[in-house]
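For reference, the structure discussed in these notes is given below.
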Amino acid sequence: MYPTKKQHHSPNHHFSRIMKIGIVCYPTYGGSGVVATELGLGLAKKGHEIHFITYRRPARLSVFHSNIYFHEVTAEDYPLFEYPPYDTALASKLVDVVKFENLDLLHVHYAIPHAAVAYMAKKILLTEGRYIPVVTTLHGTDITLVGSNNAFAPVVAFSINKSDGVTAVSESLRQQTVDLFNIQKEIRVIYNFIDFDRFKKIDKDHFKRAIAPNGERILTHTSNFRKVKRIEDVILVFKKVYEKIPSKLLLIGDGPERHAMEELCRKLDLSHEVRFLGKQDAIEELLAVSDLFIMASESESFGLAALEAMACEVPVISTNVGGLPEVNIHGETGFLSEVGDIEQMAHHAITILSDEELLQQFRKNALAQARRFDIDKILPEYEAYYEEVLKASKLEVYT
């Protein structure tokens, strides 16, 4: 399943005014922070005034833009508290920015803590006669890991139900949210997106020769190296591929599993064939030289890393969990397998890599599927949804 004309909401909607939008996100390399930042950048290009409100400048917000502002949230340590009171500091900052920048709307990414904190800020502003609508985007971890914990469940459900608008990044995540919680709100599916100005196949043959001097195939994986990403499976799949086809593996990213994975490569005598590249800003340059992307996750609400690979014409071998089947079409853009099925994933990888004609066809299919998620198609959906929420909230204020 993937975006169709039916699922897109008002893509040709005409916007009569510029909006002032506050974006609250985690500023890290994770998918939600990347999507929130790219969304803000895209909206700013269309003339909207964007205010990022978080504890650190987002990773992809690296250059100056005249209509993008960054408001840093600082939570000071107090002897009384074991941890700095970030939620309280964020709520106060939201109130301050909404009032003094005269924002039209807050768009918060993640139910916990951002939607809960936004609700508190909204109630504070109401005491001063100011109504600020809040749109919450669910990205996955807030639902699958945090939300399914009984200790957090009431807060997640309350935060979603009290948001003025709620979106989910895949149909799978929308369904999972409805199944897990007592949700009274309609959840609109607005897919993650790709910026083709950045993610596209470019000629990097000199770079490819440096990594694979003897024409080896290049397999790539990108993640935050958490257990849920199952990087051990990626390495074991690569080992089986390497035994049949001369190849190299690029592991991009960093996190708690990295040391153990380096040890595993030494144990399997693969250290010369596997490169740990750490966090990379120019991921698209590495994808440009890749032949295949491997994603072995046991949980994936959308699969943004897979989409980025596909935009660079790289077929994907992935598990069939969460939103991945909505992105990676089995037998067309790559192959899907059950979590942990290393044998089948390796078989699929070898099938593609050993047939040049098939690889080229999969490359074309991957690009065609990625184009369905072009930022130029998805941005108007967000703009239309903001307008919908703003109109509804005005009715709510006056009735």
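We name chains A, B, ... following the order of the structure tokens; residues begin at 1 in each chain, and ligands are numbered from 1 as shown.
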So that I can check the surroundings of Ala91 in chain A, please list as a compact mmCIF listing (two decimals) with C-alpha atoms, in the first residue's frame every protein, DNA and RNA residue that reaches within 10 Å of it, counting only C-alpha atoms and ignoring chain neighbours fewer than 5 positions away.
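Result file selection03.txt:
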```txt
# COMPACT_ATOMS: atom_id res chain seq x y z
CA VAL A 73 14.80 25.33 25.58
CA TYR A 86 12.57 19.66 30.75
CA ASP A 96 6.48 32.56 25.50
CA HIS A 114 5.58 16.97 23.30
CA ALA A 116 1.29 16.42 26.61
CA VAL A 117 3.44 19.53 27.15
CA ALA A 118 1.68 21.38 24.31
CA TYR A 119 -1.66 20.68 26.02
CA MET A 120 -0.37 22.30 29.21
CA ALA A 121 0.90 25.32 27.24
CA LYS A 122 -2.47 25.56 25.49
CA ILE A 124 -1.97 28.32 30.20
```
**Prompt:** Met310 in chain A: which residues within 7 Å, counting only C-alpha atoms, same-chain residues fewer than 6 positions away excluded, as a ChimeraX atom specification?
**Reply:** /A:366-367,370
**Message:** Residues within 8 Å of range 282-285 of chain A, please, as a ChimeraX atom specification. Count only C-alpha atoms; anything in the same chain fewer than 3 positions from it doesn't count.
**Reply:** /A:198-202,204,288-289,308-309,312
**Backbone-only DSSP, strand (DSSP E) members of range 159-325 of chain A, as a ChimeraX atom specification** = /A:165-168,187-189,217-222,247-252,274-278,292-295,316-319
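Minimum distance to Asp376 in chain A across A:Glu186, A:Glu171, A:Glu300, A:Asp197 (counting only C-alpha atoms) occurs at A:Asp197.
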**Asked** Which residue gives the smallest distance to Pro325 in chain A among A:Thr220, A:Asn150, A:Thr177, A:Ser172, with only C-alpha atoms counted?
**Response**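 Nearest candidate to Pro325 in chain A out of A:Thr220, A:Asn150, A:Thr177, A:Ser172: A:Ser172.
Distances from A:Leu324, A:Ile53, A:Ala153, A:Leu270 to Glu101 in chain A were compared using only C-alpha atoms, and the smallest one belongs to A:Ile53.
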**Item:** For range 341-344 of chain A: contacts at 9 Å, only C-alpha atoms, fewer than 2 positions along chain excluded, given as a VMD selection string
**Value:** chain A and resid 233 to 234 236 to 237 240 296 319 337 to 339 346 to 349
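Between Ala89 in chain A and the candidates A:Thr74, A:Asn365, A:Asn320, A:Thr167, the tightest atom-to-atom separation, counting only C-alpha atoms, involves A:Thr74.
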**Request:** Select, from A:Leu250, A:Val389, A:Ile245, A:Val274, the residue with the minimum atom-to-atom distance to Arg217 in chain A, counting only C-alpha atoms.
**Result:**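 Residue with the minimum atom-to-atom distance to Arg217 in chain A: A:Ile245.
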Quick one: pick out all helix (DSSP H, G or I) residues within range 165-218 of chain A from a backbone DSSP run and write them as an mmCIF file with all heavy atoms, in the first residue's frame.
```
data_model
loop_
_atom_site.group_PDB
_atom_site.id
_atom_site.type_symbol
_atom_site.label_atom_id
_atom_site.label_comp_id
_atom_site.auth_asym_id
_atom_site.auth_seq_id
_atom_site.Cartn_x
_atom_site.Cartn_y
_atom_site.Cartn_z
ATOM 1 N N GLU A 171 -0.128 4.059 7.407
ATOM 2 C CA GLU A 171 -1.413 3.431 7.725
ATOM 3 C C GLU A 171 -1.226 2.406 8.835
ATOM 4 O O GLU A 171 -2.067 2.267 9.726
ATOM 5 C CB GLU A 171 -1.977 2.771 6.463
ATOM 6 C CG GLU A 171 -3.278 2.025 6.679
ATOM 7 C CD GLU A 171 -4.395 2.892 7.258
ATOM 8 O OE1 GLU A 171 -4.517 4.080 6.872
ATOM 9 O OE2 GLU A 171 -5.137 2.383 8.120
ATOM 10 N N SER A 172 -0.091 1.700 8.800
ATOM 11 C CA SER A 172 0.216 0.711 9.829
ATOM 12 C C SER A 172 0.255 1.351 11.220
ATOM 13 O O SER A 172 -0.311 0.819 12.175
ATOM 14 C CB SER A 172 1.568 0.054 9.521
ATOM 15 O OG SER A 172 2.088 -0.600 10.649
ATOM 16 N N LEU A 173 0.905 2.504 11.329
ATOM 17 C CA LEU A 173 1.009 3.184 12.624
ATOM 18 C C LEU A 173 -0.352 3.718 13.075
ATOM 19 O O LEU A 173 -0.690 3.651 14.261
ATOM 20 C CB LEU A 173 2.023 4.334 12.540
ATOM 21 C CG LEU A 173 2.270 5.093 13.844
ATOM 22 C CD1 LEU A 173 2.818 4.181 14.934
ATOM 23 C CD2 LEU A 173 3.221 6.267 13.626
ATOM 24 N N ARG A 174 -1.136 4.221 12.127
ATOM 25 C CA ARG A 174 -2.490 4.687 12.481
ATOM 26 C C ARG A 174 -3.294 3.542 13.084
ATOM 27 O O ARG A 174 -3.918 3.686 14.139
ATOM 28 C CB ARG A 174 -3.195 5.235 11.230
ATOM 29 C CG ARG A 174 -4.553 5.890 11.536
ATOM 30 C CD ARG A 174 -5.445 5.976 10.312
ATOM 31 N NE ARG A 174 -5.925 4.659 9.908
ATOM 32 C CZ ARG A 174 -6.935 4.012 10.508
ATOM 33 N NH1 ARG A 174 -7.556 4.540 11.562
ATOM 34 N NH2 ARG A 174 -7.305 2.821 10.086
ATOM 35 N N GLN A 175 -3.253 2.377 12.435
ATOM 36 C CA GLN A 175 -4.010 1.216 12.907
ATOM 37 C C GLN A 175 -3.497 0.732 14.262
ATOM 38 O O GLN A 175 -4.285 0.384 15.150
ATOM 39 C CB GLN A 175 -3.928 0.080 11.880
ATOM 40 C CG GLN A 175 -4.891 -1.064 12.145
ATOM 41 C CD GLN A 175 -6.344 -0.632 12.213
ATOM 42 O OE1 GLN A 175 -6.846 0.044 11.310
ATOM 43 N NE2 GLN A 175 -7.029 -0.975 13.303
ATOM 44 N N GLN A 176 -2.202 0.738 14.422
ATOM 45 C CA GLN A 176 -1.598 0.300 15.683
ATOM 46 C C GLN A 176 -2.033 1.214 16.838
ATOM 47 O O GLN A 176 -2.326 0.747 17.949
ATOM 48 C CB GLN A 176 -0.072 0.350 15.543
ATOM 49 C CG GLN A 176 0.659 -0.564 16.490
ATOM 50 C CD GLN A 176 2.132 -0.692 16.111
ATOM 51 O OE1 GLN A 176 2.638 0.019 15.248
ATOM 52 N NE2 GLN A 176 2.829 -1.587 16.772
ATOM 53 N N THR A 177 -2.092 2.508 16.569
ATOM 54 C CA THR A 177 -2.504 3.483 17.591
ATOM 55 C C THR A 177 -3.950 3.245 18.001
ATOM 56 O O THR A 177 -4.283 3.234 19.190
ATOM 57 C CB THR A 177 -2.335 4.922 17.054
ATOM 58 O OG1 THR A 177 -1.002 5.081 16.567
ATOM 59 C CG2 THR A 177 -2.595 5.948 18.139
ATOM 60 N N VAL A 178 -4.815 3.027 17.015
ATOM 61 C CA VAL A 178 -6.234 2.778 17.280
ATOM 62 C C VAL A 178 -6.413 1.471 18.055
ATOM 63 O O VAL A 178 -7.248 1.377 18.965
ATOM 64 C CB VAL A 178 -7.025 2.750 15.946
ATOM 65 C CG1 VAL A 178 -8.445 2.255 16.148
ATOM 66 C CG2 VAL A 178 -7.021 4.137 15.308
ATOM 67 N N ASP A 179 -5.595 0.470 17.714
ATOM 68 C CA ASP A 179 -5.687 -0.832 18.407
ATOM 69 C C ASP A 179 -5.208 -0.757 19.854
ATOM 70 O O ASP A 179 -5.727 -1.442 20.734
ATOM 71 C CB ASP A 179 -4.860 -1.892 17.661
ATOM 72 C CG ASP A 179 -5.456 -2.252 16.304
ATOM 73 O OD1 ASP A 179 -6.632 -1.907 16.063
ATOM 74 O OD2 ASP A 179 -4.733 -2.854 15.478
ATOM 75 N N LEU A 180 -4.176 0.066 20.103
ATOM 76 C CA LEU A 180 -3.554 0.119 21.434
ATOM 77 C C LEU A 180 -4.286 1.024 22.418
ATOM 78 O O LEU A 180 -4.274 0.779 23.616
ATOM 79 C CB LEU A 180 -2.107 0.619 21.308
ATOM 80 C CG LEU A 180 -1.025 -0.416 21.014
ATOM 81 C CD1 LEU A 180 0.298 0.279 20.726
ATOM 82 C CD2 LEU A 180 -0.860 -1.395 22.165
ATOM 83 N N ASP A 205 31.536 7.795 -9.188
ATOM 84 C CA ASP A 205 32.321 6.615 -9.549
ATOM 85 C C ASP A 205 33.700 6.578 -8.894
ATOM 86 O O ASP A 205 34.180 5.524 -8.481
ATOM 87 C CB ASP A 205 32.466 6.531 -11.081
ATOM 88 C CG ASP A 205 31.249 5.854 -11.703
ATOM 89 O OD1 ASP A 205 30.378 5.407 -10.929
ATOM 90 O OD2 ASP A 205 31.165 5.797 -12.935
ATOM 91 N N HIS A 206 34.337 7.748 -8.775
ATOM 92 C CA HIS A 206 35.657 7.802 -8.131
ATOM 93 C C HIS A 206 35.559 7.373 -6.667
ATOM 94 O O HIS A 206 36.418 6.693 -6.126
ATOM 95 C CB HIS A 206 36.244 9.212 -8.238
ATOM 96 C CG HIS A 206 35.429 10.255 -7.539
ATOM 97 N ND1 HIS A 206 34.192 10.650 -8.002
ATOM 98 C CD2 HIS A 206 35.662 10.963 -6.394
ATOM 99 C CE1 HIS A 206 33.699 11.575 -7.181
ATOM 100 N NE2 HIS A 206 34.564 11.768 -6.188
ATOM 101 N N PHE A 207 34.452 7.762 -6.033
ATOM 102 C CA PHE A 207 34.179 7.433 -4.643
ATOM 103 C C PHE A 207 33.920 5.921 -4.532
ATOM 104 O O PHE A 207 34.414 5.247 -3.627
ATOM 105 C CB PHE A 207 32.958 8.247 -4.217
ATOM 106 C CG PHE A 207 32.618 8.187 -2.753
ATOM 107 C CD1 PHE A 207 33.561 7.843 -1.796
ATOM 108 C CD2 PHE A 207 31.321 8.493 -2.325
ATOM 109 C CE1 PHE A 207 33.227 7.786 -0.451
ATOM 110 C CE2 PHE A 207 30.984 8.441 -0.987
ATOM 111 C CZ PHE A 207 31.938 8.085 -0.057
ATOM 112 N N LYS A 208 33.160 5.396 -5.506
ATOM 113 C CA LYS A 208 32.832 3.971 -5.513
ATOM 114 C C LYS A 208 34.109 3.131 -5.654
ATOM 115 O O LYS A 208 34.274 2.114 -4.982
ATOM 116 C CB LYS A 208 31.852 3.666 -6.657
ATOM 117 C CG LYS A 208 31.312 2.250 -6.635
ATOM 118 C CD LYS A 208 30.070 2.104 -7.494
ATOM 119 C CE LYS A 208 29.382 0.769 -7.212
ATOM 120 N NZ LYS A 208 28.048 0.692 -7.773
ATOM 121 N N ARG A 209 35.009 3.581 -6.512
ATOM 122 C CA ARG A 209 36.267 2.843 -6.723
ATOM 123 C C ARG A 209 37.128 2.835 -5.465
ATOM 124 O O ARG A 209 37.841 1.876 -5.194
ATOM 125 C CB ARG A 209 37.050 3.442 -7.898
ATOM 126 C CG ARG A 209 36.512 3.007 -9.264
ATOM 127 C CD ARG A 209 37.485 3.326 -10.385
ATOM 128 N NE ARG A 209 37.724 4.745 -10.526
ATOM 129 C CZ ARG A 209 36.961 5.573 -11.236
ATOM 130 N NH1 ARG A 209 35.895 5.125 -11.867
ATOM 131 N NH2 ARG A 209 37.256 6.862 -11.313
ATOM 132 N N ALA A 210 37.038 3.911 -4.677
ATOM 133 C CA ALA A 210 37.812 3.990 -3.434
ATOM 134 C C ALA A 210 37.308 2.964 -2.419
ATOM 135 O O ALA A 210 38.089 2.365 -1.668
ATOM 136 C CB ALA A 210 37.722 5.400 -2.850
ATOM 137 N N ILE A 211 35.976 2.736 -2.404
ATOM 138 C CA ILE A 211 35.382 1.780 -1.462
ATOM 139 C C ILE A 211 35.492 0.351 -1.995
ATOM 140 O O ILE A 211 35.783 -0.582 -1.257
ATOM 141 C CB ILE A 211 33.890 2.132 -1.201
ATOM 142 C CG1 ILE A 211 33.778 3.509 -0.555
ATOM 143 C CG2 ILE A 211 33.227 1.084 -0.325
ATOM 144 C CD1 ILE A 211 32.376 4.077 -0.538
#
```
**Request:** For CA of Gly255 in chain A and CA of Leu219 in chain A, determine how far apart the two atoms are, in Å to one decimal place.
**Result:**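 Spanning CA of Gly255 in chain A to CA of Leu219 in chain A is a straight-line distance of 19.7 Å.
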**Nearest to Val241 in chain A by atom-to-atom distance, counting only C-alpha atoms, from A:Ile187, A:Leu353, A:Leu138, A:Leu304** = A:Leu353
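Omitting Thr141 in chain A and its sequence neighbours fewer than 6 positions away, and counting only C-alpha atoms, the residues within 9 Å are Tyr110, Gly147, Ser299, Glu300 and Ser301 of chain A.
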**Message:** So that I can check the surroundings of Ser393 in chain A, please list as a PyMOL selection string every protein, DNA and RNA residue that reaches within 12 Å of it, counting only C-alpha atoms and ignoring chain neighbours fewer than 4 positions away.
**Reply:** chain A and resi 104-105+130-135+163-165+386-389+397-399
Residue selection dump (N, CA and C atoms) as a PDB file, in the first residue's frame:
```
ATOM      1  N   ASP A 104       0.375  30.912  14.748  1.00  0.00           N
ATOM      2  CA  ASP A 104      -0.968  30.461  14.374  1.00  0.00           C
ATOM      3  C   ASP A 104      -1.239  29.047  14.871  1.00  0.00           C
ATOM      4  N   LEU A 105      -0.162  28.242  14.957  1.00  0.00           N
ATOM      5  CA  LEU A 105      -0.360  26.811  15.198  1.00  0.00           C
ATOM      6  C   LEU A 105       0.925  26.196  15.725  1.00  0.00           C
ATOM      7  N   ARG A 130      -6.000  33.334  24.905  1.00  0.00           N
ATOM      8  CA  ARG A 130      -5.324  33.010  23.628  1.00  0.00           C
ATOM      9  C   ARG A 130      -5.480  31.527  23.334  1.00  0.00           C
ATOM     10  N   TYR A 131      -6.063  31.190  22.165  1.00  0.00           N
ATOM     11  CA  TYR A 131      -6.223  29.781  21.789  1.00  0.00           C
ATOM     12  C   TYR A 131      -5.192  29.423  20.734  1.00  0.00           C
ATOM     13  N   ILE A 132      -4.391  28.403  20.998  1.00  0.00           N
ATOM     14  CA  ILE A 132      -3.412  27.944  20.008  1.00  0.00           C
ATOM     15  C   ILE A 132      -3.734  26.495  19.630  1.00  0.00           C
ATOM     16  N   PRO A 133      -4.068  26.222  18.373  1.00  0.00           N
ATOM     17  CA  PRO A 133      -4.330  24.840  17.959  1.00  0.00           C
ATOM     18  C   PRO A 133      -3.031  24.023  17.928  1.00  0.00           C
ATOM     19  N   VAL A 134      -3.143  22.742  18.245  1.00  0.00           N
ATOM     20  CA  VAL A 134      -1.984  21.851  18.271  1.00  0.00           C
ATOM     21  C   VAL A 134      -2.220  20.662  17.337  1.00  0.00           C
ATOM     22  N   VAL A 135      -1.287  20.457  16.414  1.00  0.00           N
ATOM     23  CA  VAL A 135      -1.283  19.260  15.567  1.00  0.00           C
ATOM     24  C   VAL A 135      -0.180  18.334  16.088  1.00  0.00           C
ATOM     25  N   SER A 163      -5.413  16.758  21.208  1.00  0.00           N
ATOM     26  CA  SER A 163      -4.802  17.512  20.113  1.00  0.00           C
ATOM     27  C   SER A 163      -5.899  17.985  19.161  1.00  0.00           C
ATOM     28  N   ASP A 164      -5.676  19.119  18.519  1.00  0.00           N
ATOM     29  CA  ASP A 164      -6.667  19.633  17.561  1.00  0.00           C
ATOM     30  C   ASP A 164      -6.622  18.844  16.250  1.00  0.00           C
ATOM     31  N   GLY A 165      -5.459  18.292  15.952  1.00  0.00           N
ATOM     32  CA  GLY A 165      -5.306  17.459  14.769  1.00  0.00           C
ATOM     33  C   GLY A 165      -4.238  16.415  15.050  1.00  0.00           C
ATOM     34  N   TYR A 386      -3.328  21.818   8.082  1.00  0.00           N
ATOM     35  CA  TYR A 386      -3.206  22.968   8.988  1.00  0.00           C
ATOM     36  C   TYR A 386      -4.419  23.894   8.834  1.00  0.00           C
ATOM     37  N   GLU A 387      -4.782  24.180   7.570  1.00  0.00           N
ATOM     38  CA  GLU A 387      -5.927  25.071   7.303  1.00  0.00           C
ATOM     39  C   GLU A 387      -7.211  24.486   7.885  1.00  0.00           C
ATOM     40  N   GLU A 388      -7.367  23.183   7.715  1.00  0.00           N
ATOM     41  CA  GLU A 388      -8.547  22.478   8.242  1.00  0.00           C
ATOM     42  C   GLU A 388      -8.620  22.634   9.767  1.00  0.00           C
ATOM     43  N   VAL A 389      -7.479  22.410  10.427  1.00  0.00           N
ATOM     44  CA  VAL A 389      -7.410  22.496  11.893  1.00  0.00           C
ATOM     45  C   VAL A 389      -7.657  23.939  12.358  1.00  0.00           C
ATOM     46  N   VAL A 397     -13.607  28.085  19.188  1.00  0.00           N
ATOM     47  CA  VAL A 397     -13.427  29.269  20.043  1.00  0.00           C
ATOM     48  C   VAL A 397     -14.702  30.096  20.098  1.00  0.00           C
ATOM     49  N   TYR A 398     -15.361  30.188  18.917  1.00  0.00           N
ATOM     50  CA  TYR A 398     -16.523  31.090  18.858  1.00  0.00           C
ATOM     51  C   TYR A 398     -17.844  30.418  19.194  1.00  0.00           C
ATOM     52  N   THR A 399     -17.820  29.086  19.438  1.00  0.00           N
ATOM     53  CA  THR A 399     -19.088  28.426  19.762  1.00  0.00           C
ATOM     54  C   THR A 399     -19.108  27.978  21.213  1.00  0.00           C
TER      55      THR A 399
END
```
I'd like the neighbourhood of Pro315 in chain A as a compact mmCIF listing (two decimals) with N, CA and C atoms, in the first residue's frame, where a residue qualifies if any of its atoms comes within 7 Å (using only C-alpha atoms), though same-chain residues fewer than 4 positions away should be ignored.
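Saved result, part_31.txt, follows:
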```txt
# COMPACT_ATOMS: atom_id res chain seq x y z
N LEU A 292 22.64 -2.02 -2.99
CA LEU A 292 21.53 -2.62 -2.25
C LEU A 292 21.50 -2.04 -0.83
N PHE A 293 20.29 -1.85 -0.31
CA PHE A 293 20.11 -1.34 1.06
C PHE A 293 19.47 -2.44 1.90
N MET A 310 15.86 4.36 -1.79
CA MET A 310 15.10 4.18 -3.03
C MET A 310 15.15 5.43 -3.90
N THR A 333 10.44 -3.21 -5.83
CA THR A 333 11.48 -2.27 -5.39
C THR A 333 12.53 -2.96 -4.54
N GLY A 334 12.28 -4.23 -4.25
CA GLY A 334 13.14 -5.02 -3.37
C GLY A 334 12.36 -6.22 -2.91
N PHE A 362 15.08 -3.15 -10.84
CA PHE A 362 14.72 -2.83 -9.46
C PHE A 362 15.11 -1.39 -9.12
N ARG A 363 16.24 -0.93 -9.66
CA ARG A 363 16.66 0.46 -9.43
C ARG A 363 15.60 1.43 -9.98
N ALA A 366 12.47 1.28 -7.83
CA ALA A 366 12.68 1.94 -6.53
C ALA A 366 12.51 3.45 -6.67
```
